[in-house]
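The next block is start.cif, given as mmCIF, C-alpha atoms.
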data_coords
#
loop_
_atom_site.label_atom_id
_atom_site.label_comp_id
_atom_site.auth_asym_id
_atom_site.auth_seq_id
_atom_site.Cartn_x
_atom_site.Cartn_y
_atom_site.Cartn_z
CA MET B 28 -8.60 6.73 17.18
CA ASP B 29 -5.97 4.55 18.82
CA GLU B 30 -2.83 6.49 19.79
CA PHE B 31 -0.62 3.97 18.02
CA LEU B 32 -2.56 4.53 14.77
CA ASN B 33 -2.52 8.31 15.32
CA ARG B 34 1.26 8.30 15.46
CA ILE B 35 1.46 6.31 12.24
CA THR B 36 -0.97 8.69 10.53
CA ALA B 37 1.25 11.61 11.59
CA GLN B 38 4.33 9.88 10.15
CA ARG B 39 2.51 9.23 6.88
CA GLN B 40 1.44 12.87 6.73
CA VAL B 41 5.05 14.04 7.06
CA ILE B 42 6.28 11.55 4.45
CA ASN B 43 3.54 12.70 2.07
CA ILE B 44 4.48 16.37 2.50
CA VAL B 45 8.14 15.68 1.68
CA ASN B 46 7.60 13.30 -1.23
CA LYS B 47 4.69 15.19 -2.76
CA SER B 48 6.94 18.22 -3.27
CA LYS B 49 8.97 16.20 -5.84
CA LYS B 50 12.02 18.23 -4.86
CA PHE B 51 14.04 15.18 -3.83
CA ASP B 52 15.10 12.19 -5.95
CA PHE B 53 15.20 9.66 -3.12
CA PRO B 54 11.92 9.33 -1.22
CA LEU B 55 11.57 9.72 2.52
CA VAL B 56 10.43 6.26 3.63
CA GLY B 57 10.23 6.54 7.40
CA LEU B 58 10.86 8.80 10.36
CA SER B 59 13.45 6.70 12.19
CA ALA B 60 16.78 8.51 12.64
CA LYS B 61 18.43 6.04 10.24
CA SER B 62 15.76 6.55 7.64
CA ILE B 63 16.06 10.35 7.80
CA GLU B 64 19.86 9.98 7.63
CA ARG B 65 19.60 7.90 4.46
CA TRP B 66 17.22 10.45 2.86
CA LYS B 67 19.57 13.30 3.79
CA LYS B 68 22.61 11.58 2.27
CA GLU B 69 20.89 10.43 -0.93
CA ASN B 70 19.52 13.91 -1.61
CA TYR B 71 22.60 15.87 -0.44
CA VAL B 72 20.48 17.81 2.02
CA ASN B 73 22.42 20.11 4.31
CA GLU B 74 22.61 18.95 7.92
CA LYS B 75 21.57 22.40 9.10
CA SER B 76 18.66 22.91 6.73
CA GLU B 77 15.37 23.73 8.42
CA ILE B 78 13.72 20.74 6.79
CA ILE B 79 16.16 18.36 8.48
CA VAL B 80 15.72 20.13 11.80
CA PHE B 81 11.92 19.79 11.55
CA LEU B 82 12.13 16.13 10.52
CA TYR B 83 14.35 15.20 13.46
CA LEU B 84 12.17 17.19 15.87
CA ILE B 85 8.95 15.55 14.70
CA SER B 86 10.62 12.15 14.77
CA ALA B 87 11.89 12.67 18.33
CA LYS B 88 8.49 13.83 19.61
CA LEU B 89 6.63 10.93 18.00
CA PHE B 90 9.23 8.54 19.39
CA PHE B 91 8.88 10.12 22.82
CA LEU B 92 5.11 9.58 22.76
CA ALA B 93 5.55 5.98 21.63
CA ASN B 94 7.68 5.28 24.67
CA LYS B 95 5.38 6.76 27.26
CA SER B 96 3.02 4.68 29.31
CA GLN B 97 -0.71 5.20 28.92
CA GLU B 98 -1.00 7.19 32.15
CA GLN B 99 1.72 9.58 31.11
CA ILE B 100 0.21 9.96 27.65
CA THR B 101 -3.13 11.06 29.07
CA ASN B 102 -1.56 14.17 30.56
CA GLU B 103 0.99 14.95 27.88
CA TYR B 104 -0.66 13.70 24.73
CA LYS B 105 -2.75 16.77 23.89
CA LEU B 106 0.11 19.16 24.40
CA LEU B 107 2.62 17.09 22.47
CA SER B 108 0.28 16.24 19.62
CA SER B 109 -0.53 19.91 19.12
CA THR B 110 3.23 20.66 19.08
CA ILE B 111 3.68 17.93 16.47
CA SER B 112 0.82 19.37 14.38
CA GLU B 113 2.46 22.80 14.49
CA LEU B 114 5.80 21.33 13.45
CA ILE B 115 4.20 19.47 10.55
CA LYS B 116 2.60 22.70 9.38
CA LYS B 117 5.94 24.51 9.58
CA LEU B 118 7.57 21.71 7.61
CA ASP B 119 4.86 21.98 4.96
CA ASP B 120 5.38 25.77 4.72
CA GLN B 121 9.14 25.33 4.51
CA ILE B 122 9.01 22.70 1.76
CA ASN B 123 6.47 24.57 -0.32
CA ARG B 124 8.08 27.94 0.11
CA MET I 8 19.96 -0.81 35.65
CA GLU I 9 19.58 -4.18 33.92
CA ILE I 10 20.29 -5.10 30.30
CA TYR I 11 18.64 -7.90 28.32
CA ALA I 12 18.83 -9.29 24.78
CA PHE I 13 15.56 -10.38 23.19
CA GLY I 14 14.11 -11.21 19.78
CA SER I 15 15.85 -12.96 16.89
CA ILE I 16 19.28 -13.14 18.48
CA VAL I 17 17.86 -15.05 21.46
CA ARG I 18 16.02 -17.40 19.08
CA GLY I 19 19.32 -18.04 17.29
CA GLU I 20 17.98 -16.56 14.06
CA ILE I 21 20.47 -14.37 12.27
CA ASP I 22 20.01 -13.17 8.72
CA ILE I 23 20.12 -9.97 6.66
CA TYR I 24 16.98 -8.70 8.41
CA SER I 25 18.19 -9.37 11.95
CA ASP I 26 19.00 -6.60 14.33
CA ILE I 27 20.07 -6.90 17.92
CA ASP I 28 17.19 -6.11 20.24
CA ILE I 29 18.38 -4.80 23.57
CA LEU I 30 16.12 -3.95 26.48
CA VAL I 31 17.41 -1.55 29.12
CA LEU I 32 15.56 -1.49 32.44
CA LYS I 33 16.11 1.47 34.70
CA GLY I 34 14.77 3.09 37.83
CA SER I 35 12.33 5.97 37.31
CA ASP I 36 14.87 8.51 38.59
CA GLU I 37 17.86 6.93 36.87
CA VAL I 38 19.31 9.07 34.07
CA LEU I 39 21.03 7.27 31.19
CA LYS I 40 23.12 9.83 29.39
CA ASP I 41 24.13 9.75 25.71
CA LEU I 42 22.09 6.70 24.89
CA ASP I 43 20.62 6.27 21.40
CA LYS I 44 16.99 5.87 22.38
CA GLU I 45 16.06 4.37 19.01
CA GLN I 46 18.66 1.66 19.33
CA TYR I 47 17.51 0.36 22.71
CA SER I 48 14.12 -0.36 24.20
CA ILE I 49 14.26 1.60 27.44
CA TYR I 50 11.69 0.87 30.14
CA THR I 51 11.44 1.64 33.81
CA PHE I 52 11.07 -1.30 36.20
CA GLN I 53 7.64 0.06 37.15
CA ARG I 54 6.41 0.23 33.57
CA LEU I 55 7.56 -3.32 32.88
CA GLU I 56 5.72 -4.50 35.97
CA ARG I 57 2.54 -2.84 34.64
CA LEU I 58 2.95 -4.63 31.28
CA TRP I 59 3.24 -7.89 33.22
CA LYS I 60 0.03 -7.12 35.11
CA GLU I 61 -1.79 -6.25 31.86
CA GLY I 62 -0.64 -9.51 30.23
CA ASN I 63 0.68 -7.35 27.40
CA PRO I 64 2.11 -9.29 24.39
CA PHE I 65 5.46 -7.53 24.86
CA ALA I 66 5.59 -8.86 28.43
CA TRP I 67 4.97 -12.37 27.08
CA HIS I 68 7.59 -11.84 24.41
CA LEU I 69 10.17 -10.87 27.04
CA TYR I 70 9.08 -13.66 29.37
CA VAL I 71 9.60 -16.25 26.63
CA GLU I 72 12.50 -14.73 24.69
CA SER I 73 14.81 -12.57 26.75
CA LYS I 74 18.18 -13.21 28.30
CA CYS I 75 19.68 -11.09 31.01
CA LEU I 76 23.08 -9.72 29.99
CA TYR I 77 23.72 -7.47 32.96
CA SER I 78 22.30 -7.16 36.43
CA THR I 79 23.81 -6.29 39.76
CA ASN I 80 21.31 -8.52 41.54
CA GLU I 81 21.59 -12.23 42.04
CA LYS I 82 18.27 -12.75 40.24
CA SER I 83 17.22 -10.57 37.32
CA PHE I 84 14.07 -8.45 37.57
CA ILE I 85 12.32 -10.36 34.78
CA SER I 86 13.00 -13.73 36.36
CA LEU I 87 11.54 -12.41 39.62
CA LEU I 88 8.38 -11.22 37.85
CA GLY I 89 7.62 -14.77 36.73
CA GLU I 90 4.80 -15.45 34.27
CA PRO I 91 2.78 -12.41 33.05
CA ASN I 92 -0.98 -12.29 33.63
CA PRO I 93 -3.12 -13.88 30.90
CA TYR I 94 -3.37 -11.94 27.64
CA THR I 95 -6.88 -10.47 27.47
CA SER I 96 -6.82 -7.75 24.81
CA LEU I 97 -6.75 -10.06 21.80
CA LYS I 98 -9.85 -8.65 20.09
CA SER I 99 -8.84 -5.00 20.36
CA ASP I 100 -5.25 -5.76 19.30
CA LEU I 101 -6.41 -7.71 16.25
CA LYS I 102 -8.71 -4.82 15.31
CA LYS I 103 -5.86 -2.32 15.75
CA PHE I 104 -3.51 -4.19 13.41
CA HIS I 105 -6.30 -4.85 10.89
CA ASP I 106 -7.06 -1.10 10.91
CA LEU I 107 -3.37 -0.41 10.30
CA PHE I 108 -3.45 -2.75 7.31
CA LEU I 109 -6.58 -1.08 5.89
CA GLU I 110 -5.18 2.44 6.32
CA SER I 111 -1.90 1.45 4.67
CA LYS I 112 -3.70 -0.25 1.80
CA ASP I 113 -5.93 2.82 1.28
CA SER I 114 -2.87 5.03 1.29
CA ILE I 115 -1.20 2.93 -1.43
CA LEU I 116 -4.34 3.10 -3.57
CA ARG I 117 -4.72 6.85 -2.94
CA ASN I 118 -1.31 8.06 -4.10
CA GLU I 119 2.34 7.05 -4.57
CA PHE I 120 3.90 9.39 -2.00
CA SER I 121 4.40 6.98 0.90
CA ILE I 122 4.57 3.57 -0.78
CA ASP I 123 7.55 2.08 1.07
CA PHE I 124 6.31 3.36 4.41
CA ASP I 125 2.89 1.83 3.71
CA LEU I 126 4.44 -1.50 2.70
CA SER I 127 6.48 -1.41 5.89
CA MET I 128 3.30 -0.83 7.90
CA ILE I 129 1.56 -3.69 6.09
CA PHE I 130 4.41 -5.98 7.12
CA LEU I 131 4.17 -4.73 10.71
CA SER I 132 0.39 -5.25 10.76
CA ILE I 133 0.68 -8.82 9.44
CA ARG I 134 3.44 -9.77 11.85
CA ASN I 135 1.86 -8.31 14.98
CA PHE I 136 -1.62 -9.56 14.09
CA ALA I 137 -0.23 -13.10 13.76
CA SER I 138 1.79 -12.90 17.00
CA CYS I 139 -1.23 -11.65 18.98
CA PHE I 140 -3.51 -14.29 17.44
CA ALA I 141 -0.97 -17.00 18.24
CA LEU I 142 -0.65 -15.85 21.84
CA GLY I 143 -4.33 -15.16 22.53
CA TYR I 144 -6.07 -17.91 20.58
CA LEU I 145 -3.60 -20.64 19.67
CA LYS I 146 -1.75 -20.31 23.00
CA MET I 147 1.47 -20.42 21.00
CA TYR I 148 4.54 -18.27 21.57
CA GLU I 149 5.27 -17.01 18.07
CA PHE I 150 7.10 -13.69 18.15
CA SER I 151 9.39 -14.19 15.17
CA ARG I 152 9.53 -11.81 12.23
CA ASP I 153 7.79 -14.43 10.09
CA SER I 154 5.07 -15.20 12.63
CA ALA I 155 2.36 -14.91 9.94
CA LEU I 156 3.89 -17.88 8.11
CA LYS I 157 4.22 -20.02 11.22
CA ILE I 158 0.74 -20.29 12.70
CA ASN I 159 -0.17 -23.70 11.29
CA GLU I 160 -3.44 -23.83 9.35
CA TYR I 161 -3.97 -20.11 9.94
CA SER I 162 -0.73 -19.10 8.20
CA LEU I 163 -0.83 -16.42 5.55
CA GLN I 164 -0.52 -17.92 2.06
CA ILE I 165 1.36 -15.28 0.12
CA ASP I 166 3.59 -15.01 -2.93
CA SER I 167 7.15 -15.32 -1.60
CA GLU I 168 8.49 -12.41 -3.69
CA VAL I 169 5.75 -10.11 -2.42
CA TYR I 170 6.44 -11.18 1.17
CA GLU I 171 10.18 -10.55 0.75
CA ARG I 172 9.48 -7.10 -0.67
CA LEU I 173 7.28 -6.23 2.33
CA LYS I 174 10.17 -7.23 4.58
CA GLN I 175 12.62 -5.17 2.55
CA SER I 176 10.38 -2.10 2.82
CA ARG I 177 10.23 -2.63 6.59
CA LEU I 178 14.03 -2.71 6.69
CA LEU I 179 14.26 0.40 4.52
CA SER I 180 11.72 2.32 6.57
CA THR I 181 13.24 1.47 9.94
CA ARG I 182 16.96 1.09 9.31
CA GLY I 183 17.37 3.04 6.08
CA VAL I 184 18.87 0.03 4.31
CA GLY I 185 18.01 -1.18 0.79
CA GLU I 186 16.27 0.24 -2.23
CA ALA I 187 12.84 1.77 -2.76
CA VAL I 188 10.19 -0.43 -4.34
CA THR I 189 9.98 -0.49 -8.15
CA ASP I 190 6.77 0.04 -10.14
CA PHE I 191 6.96 -3.58 -11.28
CA SER I 192 7.06 -4.91 -7.70
CA LEU I 193 4.28 -2.57 -6.69
CA ILE I 194 1.94 -3.96 -9.34
CA LYS I 195 2.61 -7.46 -8.05
CA ILE I 196 2.14 -6.41 -4.42
CA SER I 197 -1.11 -4.58 -5.20
CA SER I 198 -2.52 -7.76 -6.71
CA GLU I 199 -1.85 -9.57 -3.39
CA LEU I 200 -3.52 -7.02 -1.11
CA ASP I 201 -6.99 -8.56 -1.43
CA ASN I 202 -5.52 -11.95 -0.58
CA ILE I 203 -3.93 -10.50 2.59
CA GLU I 204 -7.22 -8.85 3.51
CA THR I 205 -9.03 -12.18 3.15
CA TRP I 206 -6.53 -13.69 5.61
CA PHE I 207 -7.23 -10.92 8.15
CA ASN I 208 -10.99 -11.35 7.74
CA ARG I 209 -10.88 -15.14 8.04
CA ILE I 210 -9.30 -14.79 11.47
CA LEU I 211 -11.39 -11.79 12.57
CA TRP I 212 -14.63 -13.61 11.78
CA MET I 213 -13.77 -16.40 14.18
CA ASN I 214 -15.54 -16.53 17.54
CA PHE I 215 -13.06 -15.65 20.26
#

Show the structure stored in the file as structure tokens.
Amino acid sequence: MDEFLNRITAQRQVINIVNKSKKFDFPLVGLSAKSIERWKKENYVNEKSEIIVFLYLISAKLFFLANKSQEQITNEYKLLSSTISELIKKLDDQINR
Amino acid sequence: MEIYAFGSIVRGEIDIYSDIDILVLKGSDEVLKDLDKEQYSIYTFQRLERLWKEGNPFAWHLYVESKCLYSTNEKSFISLLGEPNPYTSLKSDLKKFHDLFLESKDSILRNEFSIDFDLSMIFLSIRNFASCFALGYLKMYEFSRDSALKINEYSLQIDSEVYERLKQSRLLSTRGVGEAVTDFSLIKISSELDNIETWFNRILWMNF
């Protein structure tokens, strides 16, 4: 699949994990820093909570990939996408703990 | 380093949805410390040159709608690059944004857990699909937020409230501003999805 679509699928997966848990009144609606900030404030989530740390990490890595040129992606994509998958799994475990 | 403004501010369009698009061009070894990377589009000079060679829509967008704000050279890098190569990836780009629409639509129909994100992606798919089609087929420069409504006889005919809500979800998903969609709006939007799909298909079935 196209790398652009892959990144969007990963974002949707993260959003689904958070919102499916029904632990937060205000839904997570995106993985931009401003969107995560809004979600954190609306739900009174602690800045240092592991969930926030995971969300910012995943967001940063997806953003990093989005800003790399095709040539750079070829070498780094596999490594980074597996890191992102691991982070998403950790987020899932943390939320459903 | 060079700094450019592009997008709505250069077109003189300012409204509630406008943000200020800033492009920062830097050398590959140049380190820009403490810069909010989400707030600025940061590219190396080399990468921009590649986009120009590819005839990438973003290169065309910058060629048509960017203004140099800061450069230490007499002539800015973009003005020296001149016109980008012809845009040749129309078919694959149209397919990509149509796929994004279909995935977002499926996600909405599947469950309610990512509704605003999906609506935001639908807006993105419509906008980018229209801009690429305008550039590649109509030979029009149409990079505005409402590009889908501005491509003459190919414009998307859509309920204005539904269109506004798609824009609001885009704003919410990217800038964290506004409210989440209500069930009432969602019912109305869902009833328009087939109409939007028909618009995509009408263009995709054309012979390019």

Using Å and a single decimal, report how far CA of Tyr50 (chain I) sits from CA of Phe13 (chain I).
13.8 Å

List, as a PDB file with C-alpha atoms, in the coordinates of the input, every residue that the PyMOL selection byres ((chain I and resi 117-129) around 6) selects in the file provided.
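See out03.pdb below for the written result:
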ATOM      1  CA  ASN B  43       3.540  12.700   2.070  1.00  0.00           C
ATOM      2  CA  ASN B  46       7.600  13.300  -1.230  1.00  0.00           C
ATOM      3  CA  LYS B  47       4.690  15.190  -2.760  1.00  0.00           C
ATOM      4  CA  VAL B  56      10.430   6.260   3.630  1.00  0.00           C
ATOM      5  CA  GLY B  57      10.230   6.540   7.400  1.00  0.00           C
TER       6      GLY B  57
ATOM      7  CA  PHE I 108      -3.450  -2.750   7.310  1.00  0.00           C
ATOM      8  CA  SER I 111      -1.900   1.450   4.670  1.00  0.00           C
ATOM      9  CA  ASP I 113      -5.930   2.820   1.280  1.00  0.00           C
ATOM     10  CA  SER I 114      -2.870   5.030   1.290  1.00  0.00           C
ATOM     11  CA  ILE I 115      -1.200   2.930  -1.430  1.00  0.00           C
ATOM     12  CA  LEU I 116      -4.340   3.100  -3.570  1.00  0.00           C
ATOM     13  CA  PHE I 130       4.410  -5.980   7.120  1.00  0.00           C
ATOM     14  CA  LEU I 131       4.170  -4.730  10.710  1.00  0.00           C
ATOM     15  CA  SER I 132       0.390  -5.250  10.760  1.00  0.00           C
ATOM     16  CA  LEU I 173       7.280  -6.230   2.330  1.00  0.00           C
ATOM     17  CA  SER I 176      10.380  -2.100   2.820  1.00  0.00           C
ATOM     18  CA  ARG I 177      10.230  -2.630   6.590  1.00  0.00           C
ATOM     19  CA  SER I 180      11.720   2.320   6.570  1.00  0.00           C
TER      20      SER I 180
END

Leaving out region 104-107 of chain B and any residue of its chain fewer than 6 positions from it, which residues lie within 12 Å of it when counting all atoms listed in the file, given as a PDB file with C-alpha atoms, in the coordinates of the input?
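Result went into selection_37.pdb, see below:
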ATOM      1  CA  GLU B  30      -2.830   6.490  19.790  1.00  0.00           C
ATOM      2  CA  PHE B  31      -0.620   3.970  18.020  1.00  0.00           C
ATOM      3  CA  ASN B  33      -2.520   8.310  15.320  1.00  0.00           C
ATOM      4  CA  ARG B  34       1.260   8.300  15.460  1.00  0.00           C
ATOM      5  CA  LEU B  84      12.170  17.190  15.870  1.00  0.00           C
ATOM      6  CA  ILE B  85       8.950  15.550  14.700  1.00  0.00           C
ATOM      7  CA  ALA B  87      11.890  12.670  18.330  1.00  0.00           C
ATOM      8  CA  LYS B  88       8.490  13.830  19.610  1.00  0.00           C
ATOM      9  CA  LEU B  89       6.630  10.930  18.000  1.00  0.00           C
ATOM     10  CA  PHE B  90       9.230   8.540  19.390  1.00  0.00           C
ATOM     11  CA  PHE B  91       8.880  10.120  22.820  1.00  0.00           C
ATOM     12  CA  LEU B  92       5.110   9.580  22.760  1.00  0.00           C
ATOM     13  CA  ALA B  93       5.550   5.980  21.630  1.00  0.00           C
ATOM     14  CA  ASN B  94       7.680   5.280  24.670  1.00  0.00           C
ATOM     15  CA  LYS B  95       5.380   6.760  27.260  1.00  0.00           C
ATOM     16  CA  SER B  96       3.020   4.680  29.310  1.00  0.00           C
ATOM     17  CA  GLN B  97      -0.710   5.200  28.920  1.00  0.00           C
ATOM     18  CA  GLU B  98      -1.000   7.190  32.150  1.00  0.00           C
ATOM     19  CA  GLU B 113       2.460  22.800  14.490  1.00  0.00           C
ATOM     20  CA  LEU B 114       5.800  21.330  13.450  1.00  0.00           C
TER      21      LEU B 114
END

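When the distance limit is 8 Å and only C-alpha atoms are what count, the residues near Ser15 (chain I), minus those fewer than 5 positions from it on the same chain, are Glu20, Ile21, Ser25, Asp26, Ile27, Asp28, Ser151 and Arg152 of chain I.
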
Which protein, DNA or RNA residues have an atom at most 7 Å from (-7.3, -11.2, 19.4), counting only C-alpha atoms? List them as a ChimeraX atom specification.
/I:96-101,139-140,143-144

Would you translate the PyMOL selection byres ((chain I and resi 56) around 12) into the concrete set of residues it matches in this file, as JSON, numbers by chain?
{"B": [96], "I": [32, 34, 50, 51, 52, 53, 54, 55, 57, 58, 59, 60, 61, 62, 63, 65, 66, 67, 69, 70, 84, 85, 86, 87, 88, 89, 90, 91, 92]}

Taking only residues of chain B that have an atom at most 9 Å from an atom of chain I, what is each one's shortest atom pair and its distance in Å to one decimal, using all atoms listed in the file, in chain and number order, as CSV?
residue,atom,partner,partner_atom,distance
B:Asp29,CA,I:Lys103,CA,7.5
B:Phe31,CA,I:Lys103,CA,8.5
B:Leu32,CA,I:Leu107,CA,6.7
B:Ile35,CA,I:Leu107,CA,8.5
B:Thr36,CA,I:Glu110,CA,8.6
B:Gln38,CA,I:Phe124,CA,8.9
B:Arg39,CA,I:Ser121,CA,6.7
B:Gln40,CA,I:Ser121,CA,8.8
B:Ile42,CA,I:Ser121,CA,6.1
B:Asn43,CA,I:Phe120,CA,5.3
B:Ile44,CA,I:Phe120,CA,8.3
B:Val45,CA,I:Phe120,CA,8.4
B:Asn46,CA,I:Phe120,CA,5.4
B:Lys47,CA,I:Phe120,CA,5.9
B:Phe53,CA,I:Ala187,CA,8.2
B:Pro54,CA,I:Ala187,CA,7.8
B:Leu55,CA,I:Ser121,CA,7.8
B:Val56,CA,I:Ser180,CA,5.1
B:Gly57,CA,I:Ser180,CA,4.6
B:Leu58,CA,I:Ser180,CA,7.6
B:Ser59,CA,I:Thr181,CA,5.7
B:Ala60,CA,I:Glu45,CA,7.6
B:Lys61,CA,I:Gly183,CA,5.2
B:Ser62,CA,I:Gly183,CA,4.2
B:Ile63,CA,I:Gly183,CA,7.6
B:Glu64,CA,I:Gly183,CA,7.5
B:Arg65,CA,I:Gly183,CA,5.6
B:Trp66,CA,I:Gly183,CA,8.1
B:Phe90,CA,I:Glu45,CA,8.0
B:Asn94,CA,I:Ile49,CA,8.0
B:Ser96,CA,I:Arg54,CA,7.0

Starting from the sparse input, extend region 125-151 of chain I to N, CA and C atoms and give the output as a tab-separated table (two decimals), keeping the file's coordinate frame.
chain	number	residue	atom	x	y	z
I	125	ASP	N	4.13	2.60	3.62
I	125	ASP	CA	2.89	1.83	3.71
I	125	ASP	C	3.16	0.32	3.65
I	126	LEU	N	4.10	-0.07	2.79
I	126	LEU	CA	4.44	-1.50	2.70
I	126	LEU	C	5.07	-1.97	4.01
I	127	SER	N	5.87	-1.11	4.60
I	127	SER	CA	6.48	-1.41	5.89
I	127	SER	C	5.40	-1.61	6.96
I	128	MET	N	4.39	-0.74	6.92
I	128	MET	CA	3.30	-0.83	7.90
I	128	MET	C	2.45	-2.08	7.66
I	129	ILE	N	2.31	-2.46	6.40
I	129	ILE	CA	1.56	-3.69	6.09
I	129	ILE	C	2.31	-4.89	6.69
I	130	PHE	N	3.63	-4.88	6.53
I	130	PHE	CA	4.41	-5.98	7.12
I	130	PHE	C	4.25	-6.01	8.64
I	131	LEU	N	4.33	-4.82	9.25
I	131	LEU	CA	4.17	-4.73	10.71
I	131	LEU	C	2.79	-5.24	11.15
I	132	SER	N	1.76	-4.85	10.39
I	132	SER	CA	0.39	-5.25	10.76
I	132	SER	C	0.22	-6.77	10.67
I	133	ILE	N	0.78	-7.37	9.62
I	133	ILE	CA	0.68	-8.82	9.44
I	133	ILE	C	1.40	-9.55	10.57
I	134	ARG	N	2.61	-9.11	10.83
I	134	ARG	CA	3.44	-9.77	11.85
I	134	ARG	C	2.80	-9.69	13.25
I	135	ASN	N	2.41	-8.48	13.62
I	135	ASN	CA	1.86	-8.31	14.98
I	135	ASN	C	0.50	-8.97	15.13
I	136	PHE	N	-0.30	-8.90	14.08
I	136	PHE	CA	-1.62	-9.56	14.09
I	136	PHE	C	-1.43	-11.06	14.35
I	137	ALA	N	-0.47	-11.66	13.63
I	137	ALA	CA	-0.23	-13.10	13.76
I	137	ALA	C	0.31	-13.44	15.16
I	138	SER	N	1.23	-12.62	15.67
I	138	SER	CA	1.79	-12.90	17.00
I	138	SER	C	0.72	-12.82	18.09
I	139	CYS	N	-0.16	-11.81	17.98
I	139	CYS	CA	-1.23	-11.65	18.98
I	139	CYS	C	-2.22	-12.81	18.88
I	140	PHE	N	-2.57	-13.18	17.65
I	140	PHE	CA	-3.51	-14.29	17.44
I	140	PHE	C	-2.92	-15.58	18.00
I	141	ALA	N	-1.64	-15.80	17.75
I	141	ALA	CA	-0.97	-17.00	18.24
I	141	ALA	C	-1.01	-17.04	19.77
I	142	LEU	N	-0.70	-15.92	20.38
I	142	LEU	CA	-0.65	-15.85	21.84
I	142	LEU	C	-2.05	-15.99	22.47
I	143	GLY	N	-3.00	-15.24	21.91
I	143	GLY	CA	-4.33	-15.16	22.53
I	143	GLY	C	-5.25	-16.31	22.19
I	144	TYR	N	-5.13	-16.87	21.01
I	144	TYR	CA	-6.07	-17.91	20.58
I	144	TYR	C	-5.41	-19.28	20.50
I	145	LEU	N	-4.25	-19.34	19.85
I	145	LEU	CA	-3.60	-20.64	19.67
I	145	LEU	C	-2.78	-21.05	20.89
I	146	LYS	N	-2.59	-20.07	21.82
I	146	LYS	CA	-1.75	-20.31	23.00
I	146	LYS	C	-0.35	-20.76	22.59
I	147	MET	N	0.13	-20.13	21.53
I	147	MET	CA	1.47	-20.42	21.00
I	147	MET	C	2.34	-19.19	21.20
I	148	TYR	N	3.61	-19.40	21.50
I	148	TYR	CA	4.54	-18.27	21.57
I	148	TYR	C	5.18	-18.13	20.20
I	149	GLU	N	4.71	-17.18	19.42
I	149	GLU	CA	5.27	-17.01	18.07
I	149	GLU	C	5.54	-15.51	17.86
I	150	PHE	N	6.76	-15.12	18.23
I	150	PHE	CA	7.10	-13.69	18.15
I	150	PHE	C	8.12	-13.42	17.05
I	151	SER	N	8.36	-14.39	16.19
I	151	SER	CA	9.39	-14.19	15.17
I	151	SER	C	8.90	-13.22	14.08
